[in-house]
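Take a look at the structure set out below.
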Amino acid sequence: ASRTELAGKKVLITAGGTVERLDPVRYLTNDSSGKMGFALAEAAANRGADVTVIAARTTAAPIGGVELVRAESAEEMLQAVLARYESADLVIKAAAVADYRPVSQAPSKIKKSDERLVVELERTTDILKTLGERKTHQFLVGFAAETENVASYAMDKLARKHCDLVVANDVSQEGAGFNADTNVVQVFGPEGLVEALPQLPKREVAERLLARIAERMNADTAP
Ligand code: PMT
């Protein structure tokens, strides 16, 4: 990768699975490892960008030269992203953000009884959609974790959330999506399918995605 393709650009990347607490020791989360997001952060840093990763639950190791901000829940991630959005040039939303959270969080450990326990859930804020609505100059890249109709759902997300690119992964496929070391992605732009990549290590997927993104960002700002 060129060391300067994204020089001077501020890049915000979300990674990992959010944690939505029921009580101080129990929570709802998902299988995201953060590997995809951290690979993207490394690929962006390799191109000279000033990179911040906002990470929820992840097993990925911090990357030298990349700022790491922890955000546990969808709400914390929303606040962390919004606080840095205005000055960002590129935002990539690789995190798996919970769509629902418990309506209330017990302040102390929930005691068991012989009764059934019903947990009520409410919607979280859609971070990507919020960013799309508040977009000024940022290049916005969303992910789409799908199991069917990948192309139509991805194009729908791109339009509804005002994304410049949507990276769709079919998470029902072996060697793709959550927690795997590899991914199989299709990249969509406003014009439709841009590129379908074969199964590749997440690092390589990240390199190819950042090359595409840099190409489009630099084309947008060319005189
Ligand atoms: O972390 P890994 O183990 O490496 O796995 C990578 C991954 C599968 C998590 C990643 O490649 C991926 O697909 N991330 C998005 C997962 C997801 O939540 O997809 P979605 O289709 O539900 O959401 C679409 C987009 O909206 C995503 O960019 C997501 O970050 C965003 N979103 C979703 C809900 C919400 N409340 N706020 C959001 O911003």
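By convention here, the chains of the structure tokens are called A, B, ... in the order presented, each chain's residues are numbered starting at 1, and ligands are numbered starting at 1 in the order presented.
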Non-local contacts of Pro24 (chain A) (10 Å; only C-alpha atoms; under 3 positions in same chain excluded) as number ranges by chain: A: 21, 27, 105-110
Filtered DSSP result for region 16-223 of chain A, state strand (DSSP E or B), as a PyMOL selection string: chain A and resi 17+20-23+26-28+50-55+57+67-70+90-93+96+100-102+121-123+139-146+165-170+182-183+185-189+192-196+200-201
Keeping C-alpha atoms, export the residues of the selection given above as a short mmCIF file (atom, residue, chain, number, x, y, z; two decimals), in the first residue's frame.
```
data_model
loop_
_atom_site.label_atom_id
_atom_site.label_comp_id
_atom_site.auth_asym_id
_atom_site.auth_seq_id
_atom_site.Cartn_x
_atom_site.Cartn_y
_atom_site.Cartn_z
CA GLY A 17 -19.78 -6.41 19.26
CA GLU A 20 -25.99 -4.49 26.41
CA ARG A 21 -26.21 -5.14 30.13
CA LEU A 22 -29.04 -6.81 32.04
CA ASP A 23 -27.27 -6.41 35.35
CA ARG A 26 -24.89 -10.34 32.64
CA TYR A 27 -25.33 -8.99 29.15
CA LEU A 28 -26.49 -9.51 25.57
CA ASP A 50 -4.77 9.34 11.34
CA VAL A 51 -6.88 6.44 12.65
CA THR A 52 -9.15 6.04 15.67
CA VAL A 53 -10.84 2.73 16.42
CA ILE A 54 -13.94 2.78 18.57
CA ALA A 55 -14.12 -0.75 19.89
CA ARG A 57 -16.16 -6.23 22.90
CA GLU A 67 -5.86 5.44 18.80
CA LEU A 68 -8.14 3.01 20.64
CA VAL A 69 -11.33 4.22 22.31
CA ARG A 70 -13.47 1.76 24.25
CA LEU A 90 -13.86 8.72 6.55
CA VAL A 91 -16.01 6.55 8.80
CA ILE A 92 -16.19 2.77 8.46
CA LYS A 93 -18.80 0.99 10.56
CA ALA A 96 -21.85 -5.34 15.09
CA TYR A 100 -32.09 -4.08 20.89
CA ARG A 101 -31.10 -3.51 24.50
CA PRO A 102 -32.83 -4.37 27.79
CA LEU A 121 -36.03 -5.09 24.93
CA GLU A 122 -36.14 -1.75 23.18
CA ARG A 123 -34.50 -0.53 19.98
CA PHE A 139 -17.09 9.45 3.24
CA LEU A 140 -19.35 6.91 4.91
CA VAL A 141 -18.89 3.15 4.64
CA GLY A 142 -21.38 0.74 6.18
CA PHE A 143 -21.26 -3.00 6.56
CA ALA A 144 -24.20 -5.28 5.95
CA ALA A 145 -24.36 -8.67 7.62
CA GLU A 146 -26.86 -10.63 5.60
CA LEU A 165 -20.16 2.33 -0.01
CA VAL A 166 -21.69 -0.71 1.66
CA VAL A 167 -19.63 -3.83 2.26
CA ALA A 168 -21.89 -6.85 2.39
CA ASN A 169 -20.82 -10.12 3.91
CA ASP A 170 -22.96 -13.21 3.71
CA THR A 182 -11.31 -14.71 6.52
CA ASN A 183 -14.21 -12.91 4.89
CA VAL A 185 -17.45 -9.56 0.73
CA GLN A 186 -19.27 -7.75 -2.02
CA VAL A 187 -18.83 -4.00 -2.26
CA PHE A 188 -21.76 -1.84 -3.37
CA GLY A 189 -21.76 1.82 -4.43
CA GLY A 192 -24.62 -1.03 -7.82
CA LEU A 193 -22.08 -3.83 -7.39
CA VAL A 194 -18.56 -2.40 -7.45
CA GLU A 195 -16.54 -5.50 -6.67
CA ALA A 196 -17.05 -9.06 -5.44
CA LEU A 200 -9.52 -13.80 1.63
CA PRO A 201 -7.86 -13.20 5.01
#
```
Near-Arg216 (chain A) list (10 Å; only C-alpha atoms; drop same-chain fewer than 5 positions) as a ChimeraX atom specification: /A:139,164-165,210-211,221-222
Which of region 56-220 of chain A DSSP labels alpha helix (DSSP H), written as a PyMOL selection string: chain A and resi 74-85+127-133+150-160+202-220
Suppose we keep C-alpha atoms; can you now write the selection as a PDB file, in the first residue's frame?
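Generated file (result.pdb):
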```pdb
ATOM      1  CA  ALA A  74     -24.566   0.850  21.375  1.00  0.00           C
ATOM      2  CA  GLU A  75     -25.328   4.103  23.208  1.00  0.00           C
ATOM      3  CA  GLU A  76     -21.696   4.565  24.297  1.00  0.00           C
ATOM      4  CA  MET A  77     -20.546   3.816  20.754  1.00  0.00           C
ATOM      5  CA  LEU A  78     -23.020   6.360  19.369  1.00  0.00           C
ATOM      6  CA  GLN A  79     -21.685   9.065  21.710  1.00  0.00           C
ATOM      7  CA  ALA A  80     -18.038   8.190  21.010  1.00  0.00           C
ATOM      8  CA  VAL A  81     -18.611   8.298  17.248  1.00  0.00           C
ATOM      9  CA  LEU A  82     -20.661  11.506  17.296  1.00  0.00           C
ATOM     10  CA  ALA A  83     -18.026  13.287  19.391  1.00  0.00           C
ATOM     11  CA  ARG A  84     -15.489  12.656  16.613  1.00  0.00           C
ATOM     12  CA  TYR A  85     -17.717  12.778  13.552  1.00  0.00           C
ATOM     13  CA  ILE A 127     -25.608   4.824  14.520  1.00  0.00           C
ATOM     14  CA  LEU A 128     -24.984   4.499  10.792  1.00  0.00           C
ATOM     15  CA  LYS A 129     -28.344   6.041   9.936  1.00  0.00           C
ATOM     16  CA  THR A 130     -27.670   8.929  12.335  1.00  0.00           C
ATOM     17  CA  LEU A 131     -24.296   9.525  10.681  1.00  0.00           C
ATOM     18  CA  GLY A 132     -25.916   9.427   7.244  1.00  0.00           C
ATOM     19  CA  GLU A 133     -28.442  12.059   8.278  1.00  0.00           C
ATOM     20  CA  VAL A 150     -27.417  -9.781  -0.111  1.00  0.00           C
ATOM     21  CA  ALA A 151     -27.438  -7.364  -3.043  1.00  0.00           C
ATOM     22  CA  SER A 152     -30.917  -5.928  -2.529  1.00  0.00           C
ATOM     23  CA  TYR A 153     -30.499  -5.507   1.244  1.00  0.00           C
ATOM     24  CA  ALA A 154     -27.084  -3.898   0.742  1.00  0.00           C
ATOM     25  CA  MET A 155     -28.414  -1.426  -1.839  1.00  0.00           C
ATOM     26  CA  ASP A 156     -31.354  -0.648   0.415  1.00  0.00           C
ATOM     27  CA  LYS A 157     -28.959   0.102   3.329  1.00  0.00           C
ATOM     28  CA  LEU A 158     -26.775   2.266   1.111  1.00  0.00           C
ATOM     29  CA  ALA A 159     -29.730   4.434   0.098  1.00  0.00           C
ATOM     30  CA  ARG A 160     -31.538   4.622   3.447  1.00  0.00           C
ATOM     31  CA  LYS A 202      -9.506 -10.194   6.710  1.00  0.00           C
ATOM     32  CA  ARG A 203      -6.223  -8.271   6.417  1.00  0.00           C
ATOM     33  CA  GLU A 204      -6.280  -8.701   2.651  1.00  0.00           C
ATOM     34  CA  VAL A 205      -9.986  -7.811   2.459  1.00  0.00           C
ATOM     35  CA  ALA A 206      -9.138  -4.662   4.420  1.00  0.00           C
ATOM     36  CA  GLU A 207      -6.265  -3.743   2.072  1.00  0.00           C
ATOM     37  CA  ARG A 208      -8.490  -4.092  -0.992  1.00  0.00           C
ATOM     38  CA  LEU A 209     -11.336  -2.138   0.610  1.00  0.00           C
ATOM     39  CA  LEU A 210      -9.078   0.724   1.648  1.00  0.00           C
ATOM     40  CA  ALA A 211      -7.606   0.870  -1.848  1.00  0.00           C
ATOM     41  CA  ARG A 212     -11.141   1.253  -3.267  1.00  0.00           C
ATOM     42  CA  ILE A 213     -12.134   3.801  -0.652  1.00  0.00           C
ATOM     43  CA  ALA A 214      -8.992   5.913  -1.144  1.00  0.00           C
ATOM     44  CA  GLU A 215      -9.520   5.847  -4.900  1.00  0.00           C
ATOM     45  CA  ARG A 216     -13.082   7.180  -4.514  1.00  0.00           C
ATOM     46  CA  MET A 217     -12.224   9.738  -1.820  1.00  0.00           C
ATOM     47  CA  ASN A 218      -9.347  11.109  -3.845  1.00  0.00           C
ATOM     48  CA  ALA A 219     -11.481  11.225  -7.003  1.00  0.00           C
ATOM     49  CA  ASP A 220     -14.104  13.252  -5.081  1.00  0.00           C
TER      50      ASP A 220
END
```
Which residue of A:Ser113, A:Ser172, A:Gln138, A:Ser2 approaches ligand 1 most closely, using only C-alpha atoms and all ligand atoms: A:Ser172
Pick from A:Gly64, A:Gly8, A:Pro190, A:Gly177 nearest to ligand 1, counting only C-alpha atoms and all ligand atoms: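 Distance minimum relative to ligand 1 lands on A:Gly177.
Straight-line separation from CA of Glu72 (chain A) to atom 18 (O, counted along the ligand's line) of ligand 1: 14.6 Å.
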